[in-house]
Amino acid sequence: MVATITPPQTAAARYLLDAQSPNQSLLPLTAKVNSQDHLEVGGCDVVELAARFGTSLYILDETTVRTAAAQYRDAFKTHYGGESLVIYASKAWNCLAICAIVASEGLGIDVVSAGELHTAVLAGFDKGKIYLHGNNKSLEELKMAIEHQVTIVVDNWSELRSLADLTQGRDSVQIMVRLTPGIECHTHEYIKTGRIDSKFGFDPNDTEKVFEFISHQPGLKFLGLHAHIGSQIFELKPHEDLGPVMVGWLSKAKQYGLSIAQLDIGGGLGIRYTESDDPPSIDEWARVVCQSVTAACEQEGLPLPKLISEPGRSLVGTACVTAYTIGGHKTVPGIRTYLSVDGGMSDNPRPITYQSLYRAMVANKMSAPIDQTVTIAGKHCESGDVLIKDAELAATEPGDILVIPDTGAYNYSMSSNYNRIARPAAVLVNGGQAHLILVRETLEDLLRHDRLPDHLV
Ligand code: LLP
């Protein structure tokens with residue numbers, strides 16, 4: 001006889017997991033259910049936050065971000081014999097408050113545009129810990145990076161030549177070189193970056209020509225190599241394979257007289273969006289990366305380079321929940337019930353872009369029995385604006401607060417104003433205090449860049 005496993009029948013029982021590694025939790029680490037049967041995050045009642053700040057609302061738990069940062073930092077210290085630096089891939093969510101938290105944890109930062117760089121500088125990052133990435137950096141961005149003396153991760157020939165020109169007669173600029181390692185991993189097509197057919201990084205066949213070129217450029221101070229193989233990865237093998245590939249190239253660089261001070265193996269560790277997701281912990285991931293690089297260096301007879309890792313999603317993803325107010329519903333007999341919320345693809349474009357799965361719960365009914373299956377629809381004029389298909393929820397009424405967890409990574413940062421809907425506010429919660437870190441956009445904000453030519457006035 002096959003035993004059937006019945007999933008727990010309340011949101012509290014189903015989603016409040018006891019995970020040690022933040023990326024293995026479904027809710028922020030401080031999440032609990034209070035005496036009013038409301039979801040609480042960072043000591044704040046989510047239903048009260050919704051009333052105070054309005055919805056849709058991003059609620060970010062400081063403890064979860066700091067715990068993830070500390071776990072990364074400590075894991076690399078424990079498992080690696082050389083120097084290490086964890087840098088936050090701020091494309092996951094770049095804003096002053098998050099940058100300031102990450103900087104205060106001693107991490108560095110990966111930025112990919114003038115905007116992200118400007119924010120990181122204002123947030124007070126040590127310049128030596130800022131790395132500028134990007135496959136098509138503008139001349140202005142390169143100049144800005146040079147002025148701020150941050151490290152530039154060079155992606156292609158045209159950028160390398162521009163940098164060589166820009167640095168003629170100047171003090172040297174620190175660069176790393178991004179290579180496409182040719183490593184496949186199981187993740188969504190759009191977020192694979194390490195395979196050969198990728199827009200990012202130098203083709204491996206060009207590696208020696210790149211080293212040769214750099215070795216004749218006194219203005220370019222080569223620090224080492226970078227690769228990033230993809231995102232939301234649950235397997236450890238691709239990162240285990242990456243170590244020897246990268247160290248092999250470091251050896252080649254040495255033959256061209258280049259120093260091999262740093263090796264950046266990118267980010268990519270996945271997080272748990274649903275109960276069936278099973279990512280390795282931060283510590284396990286770091287251990288595999290460290291062992292693989294250490295073994296490869298021993299093999300090649302190289303000293304251990306400073307090992308840089310670049311997590312984004314696994315630092316902030318689980319730390320945030322988005323709160324919405326439930327509005328109207330529509331039942332299509334025999335097919336489904338749509339439950340609409342006051343946000344959608346403009347604050348969370350991941351379901352429509354990657355068919356990403358999320359879970360949801362009713363923040364004011366955490367211990368009520370889950371007894372309906374509904375489709376959570378956003379409010380945008382687009383049939384595909386569905387946040388969750390077949391969400392299992394307690395019975396709802398208009399005005400209830402719906403919470404979708406795991407919205408810290410690539411939600412705010414990929415948000416839009418589609419349908420001229422203002423971006424939500426974001427609050428940082430900790431110890432029962434809530435601080436506004438992003439103000440809700442207003443109608444004036446939406447019109448700030450509009451100009452009316454004279455003949456239309
Ligand atoms: N380093 C580089 C060079 C990257 O391109 C990325 C992510 C990271 C680090 C951080 O990867 P993570 O640890 O977050 O997996 N918008 C997509 C994800 C795109 C990832 C882009 N690059 C999503 O919402 O799933």
# chains A, B, ... in the order shown; residues from 1 in each chain; ligands from 1
call {"tool": "select_by_dssp", "arguments": {"residues": "range 14-66 of chain A", "states": "helix (DSSP H, G or I)", "output": "ChimeraX atom specification"}}
result
/A:14-15,22-24,46-53,62-66
call {"tool": "select_by_dssp", "arguments": {"residues": "range 154-296 of chain A", "states": "strand (DSSP E or B)", "output": "list in words"}}
result
Val154, Val173, Gln174, Ile175, Met176, Val177, Arg178, Leu179, Lys192, Phe202, Leu220, Lys221, Phe222, Leu223, Gly224, Leu225, His226, Gly230, Ile233, Gln262, Leu263, Asp264 and Leu269 of chain A
call {"tool": "write_last_selection", "arguments": {"atoms": "N, CA, C and O atoms", "output": "short mmCIF file (atom, residue, chain, number, x, y, z; two decimals), in the first residue's frame"}}
result
data_model
loop_
_atom_site.label_atom_id
_atom_site.label_comp_id
_atom_site.auth_asym_id
_atom_site.auth_seq_id
_atom_site.Cartn_x
_atom_site.Cartn_y
_atom_site.Cartn_z
N VAL A 154 36.29 43.04 -16.77
CA VAL A 154 36.23 43.27 -18.22
C VAL A 154 35.55 42.09 -18.91
O VAL A 154 35.88 40.93 -18.65
N VAL A 173 44.62 50.90 -13.57
CA VAL A 173 43.25 50.58 -13.17
C VAL A 173 43.18 49.08 -12.90
O VAL A 173 43.72 48.28 -13.67
N GLN A 174 42.53 48.72 -11.81
CA GLN A 174 42.45 47.30 -11.46
C GLN A 174 41.39 46.62 -12.29
O GLN A 174 40.24 47.06 -12.32
N ILE A 175 41.78 45.53 -12.96
CA ILE A 175 40.78 44.80 -13.74
C ILE A 175 40.81 43.30 -13.41
O ILE A 175 41.83 42.76 -12.99
N MET A 176 39.65 42.69 -13.62
CA MET A 176 39.58 41.24 -13.66
C MET A 176 39.04 40.91 -15.04
O MET A 176 38.47 41.77 -15.71
N VAL A 177 39.17 39.68 -15.46
CA VAL A 177 38.69 39.29 -16.78
C VAL A 177 37.61 38.23 -16.62
O VAL A 177 37.82 37.24 -15.90
N ARG A 178 36.47 38.46 -17.27
CA ARG A 178 35.39 37.48 -17.19
C ARG A 178 35.49 36.51 -18.36
O ARG A 178 35.53 36.90 -19.52
N LEU A 179 35.50 35.23 -18.00
CA LEU A 179 35.56 34.18 -19.02
C LEU A 179 34.26 33.38 -19.02
O LEU A 179 33.61 33.25 -17.98
N LYS A 192 20.84 31.21 -17.37
CA LYS A 192 22.09 30.46 -17.54
C LYS A 192 23.10 31.42 -18.15
O LYS A 192 22.81 32.05 -19.16
N PHE A 202 34.57 36.66 -22.15
CA PHE A 202 35.40 36.31 -23.29
C PHE A 202 35.22 34.84 -23.63
O PHE A 202 35.08 33.99 -22.73
N LEU A 220 46.84 48.79 -17.12
CA LEU A 220 45.85 47.81 -16.63
C LEU A 220 46.50 46.89 -15.60
O LEU A 220 47.44 46.15 -15.94
N LYS A 221 46.03 46.96 -14.40
CA LYS A 221 46.58 46.07 -13.36
C LYS A 221 45.67 44.85 -13.25
O LYS A 221 44.56 44.94 -12.72
N PHE A 222 46.14 43.74 -13.78
CA PHE A 222 45.34 42.51 -13.80
C PHE A 222 45.31 41.88 -12.41
O PHE A 222 46.35 41.62 -11.81
N LEU A 223 44.10 41.65 -11.90
CA LEU A 223 44.00 41.03 -10.58
C LEU A 223 43.68 39.54 -10.65
O LEU A 223 44.05 38.76 -9.78
N GLY A 224 42.90 39.16 -11.68
CA GLY A 224 42.55 37.75 -11.75
C GLY A 224 41.34 37.54 -12.64
O GLY A 224 40.99 38.38 -13.46
N LEU A 225 40.67 36.40 -12.41
CA LEU A 225 39.61 35.97 -13.33
C LEU A 225 38.26 35.87 -12.64
O LEU A 225 38.17 35.67 -11.42
N HIS A 226 37.23 35.98 -13.48
CA HIS A 226 35.86 35.88 -12.98
C HIS A 226 35.03 34.98 -13.90
O HIS A 226 35.22 34.97 -15.11
N GLY A 230 25.37 30.88 -13.60
CA GLY A 230 23.90 30.92 -13.67
C GLY A 230 23.32 31.18 -12.30
O GLY A 230 24.05 31.40 -11.33
N ILE A 233 20.53 27.86 -8.75
CA ILE A 233 21.11 26.53 -8.99
C ILE A 233 21.05 25.71 -7.70
O ILE A 233 21.41 26.21 -6.63
N GLN A 262 43.47 37.16 -7.50
CA GLN A 262 42.05 36.96 -7.15
C GLN A 262 41.36 36.01 -8.11
O GLN A 262 41.65 35.96 -9.30
N LEU A 263 40.40 35.28 -7.56
CA LEU A 263 39.54 34.43 -8.38
C LEU A 263 38.10 34.63 -7.91
O LEU A 263 37.79 34.43 -6.73
N ASP A 264 37.24 35.02 -8.84
CA ASP A 264 35.83 35.28 -8.49
C ASP A 264 34.98 34.21 -9.18
O ASP A 264 34.93 34.15 -10.42
N LEU A 269 23.72 30.36 -5.97
CA LEU A 269 23.03 29.42 -5.07
C LEU A 269 21.54 29.73 -5.03
O LEU A 269 21.12 30.87 -4.85
#
call {"tool": "residues_near_ligand", "arguments": {"ligand": "ligand 1", "cutoff": "6 Å", "atoms": "only C-alpha atoms and all ligand atoms", "output": "mmCIF file with all heavy atoms, in the first residue's frame"}}
result
data_model
loop_
_atom_site.group_PDB
_atom_site.id
_atom_site.type_symbol
_atom_site.label_atom_id
_atom_site.label_comp_id
_atom_site.auth_asym_id
_atom_site.auth_seq_id
_atom_site.Cartn_x
_atom_site.Cartn_y
_atom_site.Cartn_z
ATOM 1 N N ALA A 89 25.798 40.580 -5.031
ATOM 2 C CA ALA A 89 25.386 40.886 -6.410
ATOM 3 C C ALA A 89 24.140 41.765 -6.308
ATOM 4 O O ALA A 89 23.015 41.278 -6.192
ATOM 5 C CB ALA A 89 25.095 39.597 -7.171
ATOM 6 N N ALA A 92 20.257 41.949 -7.468
ATOM 7 C CA ALA A 92 19.126 41.295 -6.807
ATOM 8 C C ALA A 92 18.196 42.338 -6.165
ATOM 9 O O ALA A 92 16.967 42.191 -6.206
ATOM 10 C CB ALA A 92 19.613 40.299 -5.764
ATOM 11 N N ILE A 191 18.439 32.472 -17.323
ATOM 12 C CA ILE A 191 19.382 32.820 -16.263
ATOM 13 C C ILE A 191 20.606 31.906 -16.216
ATOM 14 O O ILE A 191 21.307 31.830 -15.241
ATOM 15 C CB ILE A 191 18.682 32.960 -14.881
ATOM 16 C CG1 ILE A 191 17.851 31.733 -14.531
ATOM 17 C CG2 ILE A 191 17.814 34.180 -14.850
ATOM 18 C CD1 ILE A 191 17.121 31.856 -13.191
ATOM 19 N N HIS A 228 30.684 33.378 -13.915
ATOM 20 C CA HIS A 228 29.395 33.191 -13.223
ATOM 21 C C HIS A 228 28.605 32.237 -14.091
ATOM 22 O O HIS A 228 28.427 32.480 -15.275
ATOM 23 C CB HIS A 228 28.683 34.534 -13.079
ATOM 24 C CG HIS A 228 27.279 34.406 -12.583
ATOM 25 N ND1 HIS A 228 26.980 34.136 -11.265
ATOM 26 C CD2 HIS A 228 26.090 34.499 -13.235
ATOM 27 C CE1 HIS A 228 25.664 34.071 -11.128
ATOM 28 N NE2 HIS A 228 25.100 34.282 -12.299
ATOM 29 N N SER A 231 22.002 31.145 -12.233
ATOM 30 C CA SER A 231 21.315 31.555 -11.012
ATOM 31 C C SER A 231 20.252 30.534 -10.632
ATOM 32 O O SER A 231 19.791 29.775 -11.490
ATOM 33 C CB SER A 231 20.664 32.916 -11.298
ATOM 34 O OG SER A 231 20.318 33.563 -10.121
ATOM 35 N N GLN A 232 19.854 30.546 -9.353
ATOM 36 C CA GLN A 232 18.846 29.603 -8.837
ATOM 37 C C GLN A 232 19.277 28.161 -9.130
ATOM 38 O O GLN A 232 18.534 27.346 -9.664
ATOM 39 C CB GLN A 232 17.454 29.947 -9.412
ATOM 40 C CG GLN A 232 16.264 29.131 -8.869
ATOM 41 C CD GLN A 232 16.083 29.254 -7.356
ATOM 42 O OE1 GLN A 232 16.800 29.936 -6.659
ATOM 43 N NE2 GLN A 232 15.119 28.532 -6.809
ATOM 44 N N GLY A 266 31.689 33.819 -8.956
ATOM 45 C CA GLY A 266 30.296 34.205 -9.209
ATOM 46 C C GLY A 266 29.356 33.817 -8.079
ATOM 47 O O GLY A 266 29.772 33.484 -6.963
ATOM 48 N N GLY A 267 28.075 33.875 -8.405
ATOM 49 C CA GLY A 267 27.046 33.531 -7.411
ATOM 50 C C GLY A 267 26.242 32.354 -7.917
ATOM 51 O O GLY A 267 26.780 31.500 -8.611
ATOM 52 N N GLY A 268 24.962 32.310 -7.585
ATOM 53 C CA GLY A 268 24.107 31.292 -8.204
ATOM 54 C C GLY A 268 23.365 30.368 -7.267
ATOM 55 O O GLY A 268 22.465 29.643 -7.707
ATOM 56 N N LEU A 269 23.717 30.358 -5.971
ATOM 57 C CA LEU A 269 23.034 29.417 -5.066
ATOM 58 C C LEU A 269 21.538 29.727 -5.025
ATOM 59 O O LEU A 269 21.119 30.872 -4.848
ATOM 60 C CB LEU A 269 23.645 29.540 -3.662
ATOM 61 C CG LEU A 269 22.947 28.735 -2.562
ATOM 62 C CD1 LEU A 269 22.974 27.232 -2.851
ATOM 63 C CD2 LEU A 269 23.598 29.017 -1.201
ATOM 64 N N GLU A 310 29.936 35.778 -5.263
ATOM 65 C CA GLU A 310 29.041 36.888 -5.605
ATOM 66 C C GLU A 310 27.581 36.537 -5.443
ATOM 67 O O GLU A 310 26.818 36.591 -6.412
ATOM 68 C CB GLU A 310 29.235 37.191 -7.099
ATOM 69 C CG GLU A 310 30.095 38.337 -7.423
ATOM 70 C CD GLU A 310 30.391 38.366 -8.911
ATOM 71 O OE1 GLU A 310 29.650 37.788 -9.721
ATOM 72 O OE2 GLU A 310 31.404 38.967 -9.241
ATOM 73 N N PRO A 311 27.135 36.148 -4.272
ATOM 74 C CA PRO A 311 25.720 35.774 -4.146
ATOM 75 C C PRO A 311 24.798 36.993 -4.202
ATOM 76 O O PRO A 311 25.142 38.061 -3.700
ATOM 77 C CB PRO A 311 25.661 35.128 -2.767
ATOM 78 C CG PRO A 311 26.795 35.739 -2.007
ATOM 79 C CD PRO A 311 27.880 36.028 -3.014
ATOM 80 N N GLY A 312 23.652 36.811 -4.813
ATOM 81 C CA GLY A 312 22.632 37.856 -4.832
ATOM 82 C C GLY A 312 21.361 37.325 -4.194
ATOM 83 O O GLY A 312 21.030 37.619 -3.040
ATOM 84 N N ARG A 313 20.697 36.430 -4.931
ATOM 85 C CA ARG A 313 19.407 35.885 -4.494
ATOM 86 C C ARG A 313 19.453 35.308 -3.079
ATOM 87 O O ARG A 313 18.582 35.570 -2.257
ATOM 88 C CB ARG A 313 19.003 34.774 -5.474
ATOM 89 C CG ARG A 313 17.589 34.257 -5.295
ATOM 90 C CD ARG A 313 17.366 33.005 -6.147
ATOM 91 N NE ARG A 313 17.813 33.135 -7.503
ATOM 92 C CZ ARG A 313 17.056 33.546 -8.519
ATOM 93 N NH1 ARG A 313 15.793 33.821 -8.337
ATOM 94 N NH2 ARG A 313 17.564 33.649 -9.734
ATOM 95 N N SER A 314 20.499 34.504 -2.794
ATOM 96 C CA SER A 314 20.518 33.789 -1.513
ATOM 97 C C SER A 314 20.852 34.716 -0.339
ATOM 98 O O SER A 314 20.743 34.318 0.817
ATOM 99 C CB SER A 314 21.514 32.631 -1.576
ATOM 100 O OG SER A 314 22.746 33.085 -2.092
ATOM 101 N N ARG A 350 8.581 38.110 -11.982
ATOM 102 C CA ARG A 350 9.209 36.790 -12.154
ATOM 103 C C ARG A 350 8.249 35.712 -12.659
ATOM 104 O O ARG A 350 8.623 34.923 -13.527
ATOM 105 C CB ARG A 350 9.926 36.338 -10.870
ATOM 106 C CG ARG A 350 11.053 37.323 -10.450
ATOM 107 C CD ARG A 350 11.981 36.780 -9.400
ATOM 108 N NE ARG A 350 12.791 35.692 -9.893
ATOM 109 C CZ ARG A 350 12.550 34.424 -9.681
ATOM 110 N NH1 ARG A 350 11.520 34.050 -8.926
ATOM 111 N NH2 ARG A 350 13.323 33.501 -10.202
ATOM 112 N N TYR A 410 15.318 40.172 -7.127
ATOM 113 C CA TYR A 410 14.866 40.393 -8.501
ATOM 114 C C TYR A 410 13.381 40.730 -8.591
ATOM 115 O O TYR A 410 12.742 40.453 -9.593
ATOM 116 C CB TYR A 410 15.215 39.177 -9.384
ATOM 117 C CG TYR A 410 16.689 38.820 -9.333
ATOM 118 C CD1 TYR A 410 17.134 37.676 -8.674
ATOM 119 C CD2 TYR A 410 17.637 39.655 -9.909
ATOM 120 C CE1 TYR A 410 18.483 37.364 -8.612
ATOM 121 C CE2 TYR A 410 18.988 39.346 -9.853
ATOM 122 C CZ TYR A 410 19.408 38.200 -9.201
ATOM 123 O OH TYR A 410 20.746 37.908 -9.136
#
call {"tool": "closest_residue", "arguments": {"among": "A:Ser251, A:Ser21, A:Asn411, A:Thr78", "to": "Ser356 in chain A", "atoms": "only C-alpha atoms"}}
result
A:Asn411
call {"tool": "residues_around", "arguments": {"residues": "range 292-309 of chain A", "least_positions_apart": "6", "cutoff": "7 Å", "atoms": "only C-alpha atoms", "output": "PyMOL selection string"}}
result
chain A and resi 82-87+240+243-244+247+260-267
call {"tool": "closest_residue", "arguments": {"among": "A:Ser259, A:Asn430, A:Asn23, A:Gln9", "to": "Trp285 in chain A", "atoms": "only C-alpha atoms"}}
result
A:Asn23
call {"tool": "closest_residue", "arguments": {"among": "A:Ser104, A:Ser162, A:Gln255, A:Asn156", "to": "Leu139 in chain A", "atoms": "only C-alpha atoms"}}
result
A:Ser162
call {"tool": "residues_around", "arguments": {"residues": "Arg14 in chain A", "least_positions_apart": "4", "cutoff": "12 Å", "atoms": "only C-alpha atoms", "output": "PyMOL selection string"}}
result
chain A and resi 6-10+18+25-27+274-276+359-361+366-370+392-393
call {"tool": "atom_distance", "arguments": {"atom1": "CA of Arg440 in chain A", "atom2": "CA of Ser56 in chain A"}}
result
9.2 Å
call {"tool": "atom_distance", "arguments": {"atom1": "CA of Val374 in chain A", "atom2": "CA of Gly334 in chain A"}}
result
12.3 Å
call {"tool": "residues_around", "arguments": {"residues": "Ala120 in chain A", "least_positions_apart": "2", "cutoff": "12 Å", "atoms": "only C-alpha atoms", "output": "PyMOL selection string"}}
result
chain A and resi 87-91+93-103+107-118+122-132+145+148+150
call {"tool": "residues_around", "arguments": {"residues": "Val46 in chain A", "least_positions_apart": "2", "cutoff": "9 Å", "atoms": "only C-alpha atoms", "output": "PDB file with all heavy atoms, in the first residue's frame"}}
result
ATOM      1  N   HIS A  38      -1.919  36.543  13.430  1.00  0.00           N
ATOM      2  CA  HIS A  38      -1.363  37.288  12.294  1.00  0.00           C
ATOM      3  C   HIS A  38       0.091  36.884  12.077  1.00  0.00           C
ATOM      4  O   HIS A  38       0.793  36.566  13.040  1.00  0.00           O
ATOM      5  CB  HIS A  38      -1.382  38.798  12.575  1.00  0.00           C
ATOM      6  CG  HIS A  38      -2.751  39.395  12.624  1.00  0.00           C
ATOM      7  ND1 HIS A  38      -2.968  40.725  12.867  1.00  0.00           N
ATOM      8  CD2 HIS A  38      -3.979  38.825  12.451  1.00  0.00           C
ATOM      9  CE1 HIS A  38      -4.276  40.976  12.853  1.00  0.00           C
ATOM     10  NE2 HIS A  38      -4.912  39.841  12.612  1.00  0.00           N
ATOM     11  N   LEU A  39       0.520  36.969  10.842  1.00  0.00           N
ATOM     12  CA  LEU A  39       1.935  36.756  10.544  1.00  0.00           C
ATOM     13  C   LEU A  39       2.739  37.943  11.078  1.00  0.00           C
ATOM     14  O   LEU A  39       2.336  39.100  10.912  1.00  0.00           O
ATOM     15  CB  LEU A  39       2.140  36.647   9.020  1.00  0.00           C
ATOM     16  CG  LEU A  39       3.582  36.501   8.542  1.00  0.00           C
ATOM     17  CD1 LEU A  39       4.200  35.185   9.026  1.00  0.00           C
ATOM     18  CD2 LEU A  39       3.652  36.580   7.008  1.00  0.00           C
ATOM     19  N   GLU A  40       3.853  37.619  11.732  1.00  0.00           N
ATOM     20  CA  GLU A  40       4.727  38.660  12.255  1.00  0.00           C
ATOM     21  C   GLU A  40       6.107  38.468  11.616  1.00  0.00           C
ATOM     22  O   GLU A  40       6.577  37.340  11.503  1.00  0.00           O
ATOM     23  CB  GLU A  40       4.793  38.453  13.771  1.00  0.00           C
ATOM     24  CG  GLU A  40       5.417  39.572  14.534  1.00  0.00           C
ATOM     25  CD  GLU A  40       5.400  39.264  16.041  1.00  0.00           C
ATOM     26  OE1 GLU A  40       4.314  39.282  16.652  1.00  0.00           O
ATOM     27  OE2 GLU A  40       6.492  38.977  16.559  1.00  0.00           O
ATOM     28  N   VAL A  41       6.731  39.547  11.189  1.00  0.00           N
ATOM     29  CA  VAL A  41       8.095  39.471  10.639  1.00  0.00           C
ATOM     30  C   VAL A  41       8.924  40.564  11.309  1.00  0.00           C
ATOM     31  O   VAL A  41       8.466  41.718  11.417  1.00  0.00           O
ATOM     32  CB  VAL A  41       8.109  39.665   9.101  1.00  0.00           C
ATOM     33  CG1 VAL A  41       9.543  39.655   8.564  1.00  0.00           C
ATOM     34  CG2 VAL A  41       7.303  38.587   8.389  1.00  0.00           C
ATOM     35  N   CYS A  44       7.247  42.676  13.824  1.00  0.00           N
ATOM     36  CA  CYS A  44       6.146  43.567  13.401  1.00  0.00           C
ATOM     37  C   CYS A  44       4.991  42.746  12.839  1.00  0.00           C
ATOM     38  O   CYS A  44       5.211  41.798  12.066  1.00  0.00           O
ATOM     39  CB  CYS A  44       6.620  44.520  12.305  1.00  0.00           C
ATOM     40  SG  CYS A  44       7.915  45.648  12.839  1.00  0.00           S
ATOM     41  N   GLU A  48      -0.690  44.984  10.557  1.00  0.00           N
ATOM     42  CA  GLU A  48      -0.536  46.391  10.985  1.00  0.00           C
ATOM     43  C   GLU A  48       0.352  47.172  10.016  1.00  0.00           C
ATOM     44  O   GLU A  48       0.095  48.340   9.717  1.00  0.00           O
ATOM     45  CB  GLU A  48       0.074  46.461  12.392  1.00  0.00           C
ATOM     46  CG  GLU A  48      -0.952  46.226  13.469  1.00  0.00           C
ATOM     47  CD  GLU A  48      -0.299  46.132  14.852  1.00  0.00           C
ATOM     48  OE1 GLU A  48       0.832  46.627  15.037  1.00  0.00           O
ATOM     49  OE2 GLU A  48      -0.935  45.521  15.733  1.00  0.00           O
ATOM     50  N   LEU A  49       1.408  46.518   9.536  1.00  0.00           N
ATOM     51  CA  LEU A  49       2.289  47.202   8.568  1.00  0.00           C
ATOM     52  C   LEU A  49       1.500  47.571   7.317  1.00  0.00           C
ATOM     53  O   LEU A  49       1.648  48.669   6.766  1.00  0.00           O
ATOM     54  CB  LEU A  49       3.463  46.298   8.167  1.00  0.00           C
ATOM     55  CG  LEU A  49       4.510  45.989   9.234  1.00  0.00           C
ATOM     56  CD1 LEU A  49       5.542  44.990   8.675  1.00  0.00           C
ATOM     57  CD2 LEU A  49       5.220  47.262   9.700  1.00  0.00           C
ATOM     58  N   ALA A  50       0.638  46.646   6.891  1.00  0.00           N
ATOM     59  CA  ALA A  50      -0.168  46.901   5.688  1.00  0.00           C
ATOM     60  C   ALA A  50      -1.084  48.103   5.921  1.00  0.00           C
ATOM     61  O   ALA A  50      -1.252  48.962   5.046  1.00  0.00           O
ATOM     62  CB  ALA A  50      -0.975  45.661   5.325  1.00  0.00           C
ATOM     63  N   ALA A  51      -1.651  48.193   7.128  1.00  0.00           N
ATOM     64  CA  ALA A  51      -2.553  49.319   7.429  1.00  0.00           C
ATOM     65  C   ALA A  51      -1.752  50.623   7.503  1.00  0.00           C
ATOM     66  O   ALA A  51      -2.197  51.668   7.035  1.00  0.00           O
ATOM     67  CB  ALA A  51      -3.276  49.051   8.747  1.00  0.00           C
ATOM     68  N   ILE A  59       8.219  43.929   2.558  1.00  0.00           N
ATOM     69  CA  ILE A  59       8.606  43.937   3.982  1.00  0.00           C
ATOM     70  C   ILE A  59       9.915  43.143   4.098  1.00  0.00           C
ATOM     71  O   ILE A  59       9.933  41.935   3.859  1.00  0.00           O
ATOM     72  CB  ILE A  59       7.494  43.303   4.845  1.00  0.00           C
ATOM     73  CG1 ILE A  59       6.186  44.088   4.657  1.00  0.00           C
ATOM     74  CG2 ILE A  59       7.920  43.233   6.312  1.00  0.00           C
ATOM     75  CD1 ILE A  59       4.962  43.396   5.258  1.00  0.00           C
ATOM     76  N   ALA A 323       3.266  42.104   0.799  1.00  0.00           N
ATOM     77  CA  ALA A 323       1.885  42.078   1.299  1.00  0.00           C
ATOM     78  C   ALA A 323       0.971  42.794   0.311  1.00  0.00           C
ATOM     79  O   ALA A 323       1.301  43.879  -0.181  1.00  0.00           O
ATOM     80  CB  ALA A 323       1.820  42.764   2.664  1.00  0.00           C
ATOM     81  N   ALA A 363      -2.285  36.633   5.738  1.00  0.00           N
ATOM     82  CA  ALA A 363      -1.515  37.058   6.915  1.00  0.00           C
ATOM     83  C   ALA A 363      -2.392  37.185   8.160  1.00  0.00           C
ATOM     84  O   ALA A 363      -1.891  37.075   9.280  1.00  0.00           O
ATOM     85  CB  ALA A 363      -0.820  38.381   6.636  1.00  0.00           C
ATOM     86  N   ASN A 364      -3.688  37.402   7.983  1.00  0.00           N
ATOM     87  CA  ASN A 364      -4.575  37.533   9.148  1.00  0.00           C
ATOM     88  C   ASN A 364      -5.323  36.237   9.450  1.00  0.00           C
ATOM     89  O   ASN A 364      -6.238  36.231  10.270  1.00  0.00           O
ATOM     90  CB  ASN A 364      -5.564  38.695   8.951  1.00  0.00           C
ATOM     91  CG  ASN A 364      -6.274  38.674   7.613  1.00  0.00           C
ATOM     92  OD1 ASN A 364      -5.624  38.506   6.576  1.00  0.00           O
ATOM     93  ND2 ASN A 364      -7.575  38.840   7.610  1.00  0.00           N
ATOM     94  N   ILE A 401      -5.285  40.342   4.021  1.00  0.00           N
ATOM     95  CA  ILE A 401      -3.919  40.641   3.566  1.00  0.00           C
ATOM     96  C   ILE A 401      -3.246  39.352   3.086  1.00  0.00           C
ATOM     97  O   ILE A 401      -3.061  38.410   3.861  1.00  0.00           O
ATOM     98  CB  ILE A 401      -3.084  41.292   4.699  1.00  0.00           C
ATOM     99  CG1 ILE A 401      -3.750  42.595   5.179  1.00  0.00           C
ATOM    100  CG2 ILE A 401      -1.647  41.571   4.227  1.00  0.00           C
ATOM    101  CD1 ILE A 401      -3.938  43.664   4.108  1.00  0.00           C
ATOM    102  N   VAL A 403      -0.013  37.426   1.649  1.00  0.00           N
ATOM    103  CA  VAL A 403       1.450  37.571   1.684  1.00  0.00           C
ATOM    104  C   VAL A 403       2.092  36.556   0.748  1.00  0.00           C
ATOM    105  O   VAL A 403       1.747  35.374   0.787  1.00  0.00           O
ATOM    106  CB  VAL A 403       1.960  37.390   3.134  1.00  0.00           C
ATOM    107  CG1 VAL A 403       3.424  36.992   3.146  1.00  0.00           C
ATOM    108  CG2 VAL A 403       1.797  38.692   3.897  1.00  0.00           C
TER     109      VAL A 403
END
call {"tool": "atom_distance", "arguments": {"atom1": "CA of Gln24 in chain A", "atom2": "CA of Asp278 in chain A"}}
result
7.1 Å
call {"tool": "residues_around", "arguments": {"residues": "Asp61 in chain A", "least_positions_apart": "2", "cutoff": "10 Å", "atoms": "only C-alpha atoms", "output": "ChimeraX atom specification"}}
result
/A:27-31,41-44,58-59,63-66,316,318-321,408,427-431,434
call {"tool": "closest_residue", "arguments": {"among": "A:Gln217, A:Asn136, A:Ser340, A:Gln20", "to": "Leu166 in chain A", "atoms": "only C-alpha atoms"}}
result
A:Gln217
